[in-house]
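Have a look at entry.cif; it's mmCIF, C-alpha atoms:
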data_input
#
loop_
_atom_site.label_atom_id
_atom_site.label_comp_id
_atom_site.auth_asym_id
_atom_site.auth_seq_id
_atom_site.Cartn_x
_atom_site.Cartn_y
_atom_site.Cartn_z
CA MET A 245 11.88 -13.02 5.26
CA THR A 246 8.74 -13.72 7.26
CA ILE A 247 5.40 -13.52 5.44
CA ILE A 248 2.40 -12.88 7.68
CA PRO A 249 -1.17 -13.33 6.39
CA THR A 250 -3.60 -10.52 7.23
CA SER A 251 -7.34 -10.68 7.84
CA ILE A 252 -7.87 -10.30 4.08
CA GLU A 253 -6.95 -13.12 1.71
CA ASP A 254 -3.86 -12.54 -0.50
CA CYS A 255 -2.82 -9.41 1.43
CA PHE A 256 0.42 -10.01 3.38
CA ILE A 257 2.74 -8.23 5.78
CA ILE A 258 6.37 -8.98 5.02
CA GLU A 259 9.13 -8.71 7.60
CA PRO A 260 12.57 -8.97 6.03
CA MET A 261 15.47 -10.33 8.05
CA VAL A 262 17.79 -7.53 9.18
CA PHE A 263 21.44 -8.17 10.06
CA GLU A 264 22.90 -5.40 12.21
CA ASP A 265 26.39 -4.75 13.53
CA GLU A 266 28.57 -1.78 14.44
CA ARG A 267 28.72 -0.75 10.75
CA GLY A 268 24.94 -0.53 10.29
CA TYR A 269 22.64 -3.14 8.81
CA PHE A 270 21.98 -5.33 5.76
CA SER A 271 18.58 -6.58 4.63
CA GLU A 272 17.30 -8.41 1.59
CA THR A 273 14.09 -6.44 1.01
CA PHE A 274 12.63 -8.77 -1.61
CA ASN A 275 13.24 -12.22 -3.06
CA LEU A 276 10.85 -13.28 -5.85
CA LYS A 277 11.43 -17.01 -5.38
CA THR A 278 10.79 -16.88 -1.61
CA PHE A 279 7.79 -14.57 -1.99
CA ASN A 280 6.03 -16.65 -4.66
CA LYS A 281 6.70 -19.93 -2.83
CA SER A 282 5.52 -18.60 0.54
CA THR A 283 2.36 -16.88 -0.74
CA GLY A 284 1.35 -19.27 -3.50
CA LEU A 285 1.16 -16.29 -5.85
CA ASN A 286 3.00 -15.73 -9.11
CA ILE A 287 4.11 -12.10 -9.01
CA ASN A 288 6.48 -10.38 -11.41
CA PHE A 289 7.20 -6.75 -10.55
CA VAL A 290 7.90 -4.45 -13.53
CA GLN A 291 8.00 -0.93 -12.08
CA ASP A 292 9.38 0.73 -8.93
CA ASN A 293 8.10 4.08 -7.62
CA GLU A 294 9.12 6.37 -4.78
CA SER A 295 7.53 9.41 -3.16
CA PHE A 296 8.58 11.96 -0.54
CA SER A 297 5.90 13.50 1.68
CA SER A 298 5.50 15.61 4.82
CA LYS A 299 3.52 14.79 7.96
CA GLY A 300 -0.21 14.60 7.34
CA VAL A 301 0.06 13.99 3.59
CA LEU A 302 -2.60 11.45 2.69
CA ARG A 303 -2.16 9.81 -0.71
CA GLY A 304 -5.00 7.64 -1.90
CA LEU A 305 -7.02 5.64 -2.08
CA HIS A 306 -5.81 4.69 -5.58
CA TYR A 307 -6.08 1.70 -7.91
CA GLN A 308 -6.16 0.80 -11.60
CA ILE A 309 -8.88 -1.18 -13.35
CA GLY A 310 -9.00 -3.76 -16.13
CA GLU A 311 -5.88 -5.04 -17.82
CA PHE A 312 -3.83 -2.40 -16.00
CA ALA A 313 -4.78 -3.47 -12.45
CA GLN A 314 -1.71 -3.54 -10.22
CA ALA A 315 -0.42 -5.50 -7.26
CA LYS A 316 2.02 -3.53 -5.10
CA LEU A 317 4.70 -4.27 -2.53
CA VAL A 318 5.07 -1.13 -0.42
CA ARG A 319 7.64 -0.08 2.17
CA VAL A 320 9.04 2.98 3.92
CA VAL A 321 12.68 3.92 3.44
CA LYS A 322 12.60 6.90 5.83
CA GLY A 323 9.98 7.92 8.39
CA THR A 324 6.67 6.30 9.32
CA VAL A 325 3.34 5.91 7.52
CA LEU A 326 0.02 4.22 8.14
CA ASP A 327 -0.56 2.13 5.03
CA VAL A 328 -4.07 1.03 4.00
CA ALA A 329 -5.43 -1.50 1.49
CA VAL A 330 -9.18 -1.77 0.76
CA ASP A 331 -10.61 -4.95 -0.80
CA LEU A 332 -12.55 -4.08 -4.00
CA ARG A 333 -12.83 -7.61 -5.37
CA GLU A 334 -16.47 -8.21 -6.24
CA GLY A 335 -17.68 -11.41 -4.61
CA SER A 336 -14.93 -11.38 -2.00
CA ARG A 337 -16.13 -12.18 1.54
CA THR A 338 -14.06 -9.16 2.70
CA PHE A 339 -15.29 -6.73 0.01
CA GLY A 340 -15.15 -3.17 1.39
CA SER A 341 -12.95 -4.21 4.33
CA TYR A 342 -9.49 -2.81 4.86
CA VAL A 343 -6.13 -3.72 6.30
CA SER A 344 -3.92 -1.08 7.86
CA VAL A 345 -0.35 -1.44 9.04
CA GLU A 346 2.28 0.97 10.27
CA LEU A 347 5.34 0.85 8.05
CA SER A 348 8.54 2.53 9.13
CA GLU A 349 12.26 2.74 8.61
CA THR A 350 12.57 1.13 12.05
CA ASN A 351 10.28 -1.89 11.73
CA LYS A 352 11.15 -2.37 8.01
CA ARG A 353 7.76 -4.04 7.46
CA GLN A 354 6.26 -4.16 3.99
CA LEU A 355 2.70 -4.68 2.82
CA PHE A 356 1.77 -6.70 -0.25
CA VAL A 357 -1.37 -5.24 -1.81
CA PRO A 358 -2.87 -7.60 -4.42
CA ARG A 359 -4.69 -6.60 -7.58
CA GLY A 360 -8.28 -5.62 -6.86
CA PHE A 361 -7.44 -3.37 -3.89
CA ALA A 362 -7.44 0.39 -3.43
CA HIS A 363 -4.30 1.61 -1.70
CA GLY A 364 -3.32 4.69 0.26
CA PHE A 365 -1.17 5.96 3.09
CA ILE A 366 -0.78 8.87 5.49
CA VAL A 367 2.54 10.16 6.79
CA LEU A 368 2.79 9.99 10.59
CA SER A 369 6.40 11.25 10.94
CA ASP A 370 7.74 14.71 10.02
CA THR A 371 8.61 13.39 6.55
CA ALA A 372 8.64 10.00 4.81
CA ILE A 373 10.15 8.37 1.78
CA PHE A 374 7.76 5.72 0.49
CA SER A 375 8.84 3.09 -2.05
CA TYR A 376 6.84 0.47 -3.90
CA LYS A 377 7.01 -2.16 -6.58
CA CYS A 378 4.17 -2.72 -9.09
CA ASP A 379 3.43 -5.80 -11.15
CA ASN A 380 1.94 -3.75 -13.99
CA PHE A 381 2.71 -0.43 -15.63
CA TYR A 382 0.90 2.82 -14.80
CA ASP A 383 -1.91 3.71 -17.19
CA LYS A 384 -3.61 7.08 -16.66
CA ALA A 385 -6.85 6.02 -18.38
CA SER A 386 -7.20 3.07 -15.98
CA GLU A 387 -6.56 5.10 -12.83
CA ARG A 388 -9.39 5.21 -10.28
CA GLY A 389 -9.82 5.99 -6.60
CA LEU A 390 -11.99 6.06 -3.50
CA ILE A 391 -12.51 8.96 -1.14
CA TYR A 392 -10.36 8.57 1.96
CA ASN A 393 -13.20 9.24 4.41
CA ASP A 394 -15.96 6.98 3.07
CA PRO A 395 -18.10 6.29 6.17
CA ASN A 396 -18.93 2.78 4.95
CA ILE A 397 -15.24 1.85 5.03
CA ASN A 398 -14.51 3.96 8.14
CA ILE A 399 -10.70 4.03 8.05
CA ASP A 400 -8.94 5.23 11.19
CA TRP A 401 -6.08 7.29 9.74
CA LYS A 402 -4.54 7.90 13.21
CA LEU A 403 -4.35 11.69 12.75
CA LYS A 404 -6.91 14.47 13.18
CA ASP A 405 -8.68 15.63 10.01
CA SER A 406 -7.19 19.10 10.59
CA GLU A 407 -3.71 17.59 10.09
CA PHE A 408 -4.49 16.05 6.68
CA ILE A 409 -2.85 17.38 3.52
CA ILE A 410 -4.75 15.98 0.54
CA SER A 411 -4.52 16.77 -3.17
CA GLU A 412 -7.50 18.34 -4.93
CA LYS A 413 -7.68 15.23 -7.12
CA ASP A 414 -8.00 12.94 -4.09
CA LEU A 415 -10.64 15.16 -2.43
CA ILE A 416 -13.15 14.55 -5.23
CA LEU A 417 -12.87 10.76 -5.43
CA PRO A 418 -16.15 8.80 -5.14
CA LYS A 419 -17.39 6.65 -2.28
CA LEU A 420 -17.23 2.87 -2.68
CA GLU A 421 -20.89 2.63 -3.70
CA ARG A 422 -20.21 4.82 -6.78
CA ALA A 423 -16.71 3.60 -7.68
CA ASP A 424 -15.65 1.73 -10.81
CA LEU A 425 -14.51 -1.63 -9.49
CA CYS A 426 -11.52 -3.63 -10.55
#
Can you turn what I pasted into structure tokens?
Amino acid sequence: MTIIPTSIEDCFIIEPMVFEDERGYFSETFNLKTFNKSTGLNINFVQDNESFSSKGVLRGLHYQIGEFAQAKLVRVVKGTVLDVAVDLREGSRTFGSYVSVELSETNKRQLFVPRGFAHGFIVLSDTAIFSYKCDNFYDKASERGLIYNDPNINIDWKLKDSEFIISEKDLILPKLERADLC
């Protein structure tokens, strides 16, 4: 697998090797030993999650605080999404900045989102199956979020606002200036 640094420290794009022939393809989507050695991190994933969404569904921007903060390794099994990670690490030179990457069943790219980041995605294809690993368990009391359209972050979601499908819960999230930080 190829691990590509992004413009934000500790946030990586991962491109697994794909072996194709007339039968289809094979790919090792994750290898802990290779990942930890290549990134210099010490990650141990404990939970896998999957969601199915239609075009325009925007999920996020979510994160957990305190002892339940999570790092995530995200990928798309079917379809295409624009995936976004926002740096919330106080004192970071890239605080409030974001990384976005298109993840799809075709490019098989993954994004590693470290602890201290808000995360979200929007579905660009008709439907998408989104899968991710977490290095900590979900804790409802530690769940937080940022509003998707905070003008100080200014994320380009690649679709028109009229195409967005957003949960009521995500529509009332605070801007960065009022958010509980990691």
Any chance you could resolve the PyMOL selection byres ((chain A and resi 361) around 10) against this file and give the residues as a list in words?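 Selected by the PyMOL selection byres ((chain A and resi 361) around 10) here: Cys255, Leu305, His306, Tyr307, Gln308, Ile309, Ala313, Gln314, Ala315, Lys316, Val328, Ala329, Val330, Asp331, Leu332, Arg333, Phe339, Gly340, Ser341, Tyr342, Val357, Pro358, Arg359, Gly360, Ala362, His363, Gly364, Leu425 and Cys426 of chain A.
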Run through the PyMOL selection byres ((chain A and resi 262) around 10) on the given coordinates and return the selected residues as JSON, numbers by chain. {"A": [245, 259, 260, 261, 263, 264, 269, 270, 271, 272, 273, 351, 352]}
Export of the given selection (C-alpha atoms) as a tab-separated table (two decimals), in the frame of the given file:
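Contents of part.tsv, freshly written:
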chain	number	residue	atom	x	y	z
A	245	MET	CA	11.88	-13.02	5.26
A	259	GLU	CA	9.13	-8.71	7.60
A	260	PRO	CA	12.57	-8.97	6.03
A	261	MET	CA	15.47	-10.33	8.05
A	263	PHE	CA	21.44	-8.17	10.06
A	264	GLU	CA	22.90	-5.40	12.21
A	269	TYR	CA	22.64	-3.14	8.81
A	270	PHE	CA	21.98	-5.33	5.76
A	271	SER	CA	18.58	-6.58	4.63
A	272	GLU	CA	17.30	-8.41	1.59
A	273	THR	CA	14.09	-6.44	1.01
A	351	ASN	CA	10.28	-1.89	11.73
A	352	LYS	CA	11.15	-2.37	8.01
Who sits within 8 Å of region 408-424 of chain A, all atoms listed in the file, same chain under 6 positions skipped, as JSON, numbers by chain: {"A": [300, 301, 302, 303, 304, 305, 309, 340, 388, 389, 390, 391, 392, 394, 396]}
Work out how far apart CA of Tyr376 (chain A) and CA of Phe279 (chain A) are and give it in Å to one decimal.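 Taking CA of Tyr376 (chain A) as the start and CA of Phe279 (chain A) as the end point, the length is 15.2 Å.
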Tell me, in Å to one decimal, how far CA of Asn293 (chain A) is from CA of Val318 (chain A).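 Separating CA of Asn293 (chain A) from CA of Val318 (chain A) is a distance of 9.4 Å.
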Run the PyMOL selection byres ((chain A and resi 320-324) around 6) on the file and write out the hits as a PDB file with C-alpha atoms, in the coordinates of the input.
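Wrote selection09.pdb, looks like this:
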ATOM      1  CA  ARG A 319       7.640  -0.080   2.170  1.00  0.00           C
ATOM      2  CA  VAL A 325       3.340   5.910   7.520  1.00  0.00           C
ATOM      3  CA  LEU A 347       5.340   0.850   8.050  1.00  0.00           C
ATOM      4  CA  SER A 348       8.540   2.530   9.130  1.00  0.00           C
ATOM      5  CA  GLU A 349      12.260   2.740   8.610  1.00  0.00           C
ATOM      6  CA  LEU A 368       2.790   9.990  10.590  1.00  0.00           C
ATOM      7  CA  SER A 369       6.400  11.250  10.940  1.00  0.00           C
ATOM      8  CA  THR A 371       8.610  13.390   6.550  1.00  0.00           C
ATOM      9  CA  ALA A 372       8.640  10.000   4.810  1.00  0.00           C
ATOM     10  CA  ILE A 373      10.150   8.370   1.780  1.00  0.00           C
ATOM     11  CA  PHE A 374       7.760   5.720   0.490  1.00  0.00           C
ATOM     12  CA  SER A 375       8.840   3.090  -2.050  1.00  0.00           C
TER      13      SER A 375
END
When you draw a straight line from CA of Asp383 (chain A) to CA of Leu285 (chain A), how long is it in Å?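 Separating CA of Asp383 (chain A) from CA of Leu285 (chain A) is a distance of 23.2 Å.
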Using all atoms listed in the file, find the one residue out of A:Pro249, A:Pro395, A:Phe365, A:Ser282 that sits nearest to Ser344 (chain A).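 Under the stated criterion, the closest residue is A:Phe365.
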Hey, which of A:Ile257, A:Val367, A:Leu276, A:Ile399 ends up closest to Ser298 (chain A)? Count only C-alpha atoms. A:Val367
Between A:Ile366, A:Ile252, A:Leu326, A:Ile258, which has the minimum distance to Ser297 (chain A) (counting only C-alpha atoms)?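 Selected residue with least distance to Ser297 (chain A): A:Ile366.
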Residues within 8 Å of Asn288 (chain A), only C-alpha atoms, excluding chain neighbours under 2 positions, as a short mmCIF file (atom, residue, chain, number, x, y, z; two decimals) with C-alpha atoms, in the coordinates of the input:
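Printed below is out18.cif as written:
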data_model
loop_
_atom_site.label_atom_id
_atom_site.label_comp_id
_atom_site.auth_asym_id
_atom_site.auth_seq_id
_atom_site.Cartn_x
_atom_site.Cartn_y
_atom_site.Cartn_z
CA LEU A 276 10.85 -13.28 -5.85
CA ASN A 286 3.00 -15.73 -9.11
CA VAL A 290 7.90 -4.45 -13.53
CA ASP A 379 3.43 -5.80 -11.15
#
Would you please work out which residue, of A:Thr283, A:Lys277, A:Asp370, A:Gly310, is nearest to Phe296 (chain A) when using only C-alpha atoms?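 The closest residue to Phe296 (chain A) is A:Asp370.
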Closest to Asp292 (chain A) among A:Phe381, A:Glu407, A:Phe312, A:Phe356, using only C-alpha atoms?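 Checking each of A:Phe381, A:Glu407, A:Phe312, A:Phe356 against Asp292 (chain A), counting only C-alpha atoms, the winner is A:Phe381.
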With distances taken over only C-alpha atoms, which of A:Ser295, A:Asn280, A:Val343, A:Gln354 is nearest to Asn398 (chain A)?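 Checking each of A:Ser295, A:Asn280, A:Val343, A:Gln354 against Asn398 (chain A), counting only C-alpha atoms, the winner is A:Val343.
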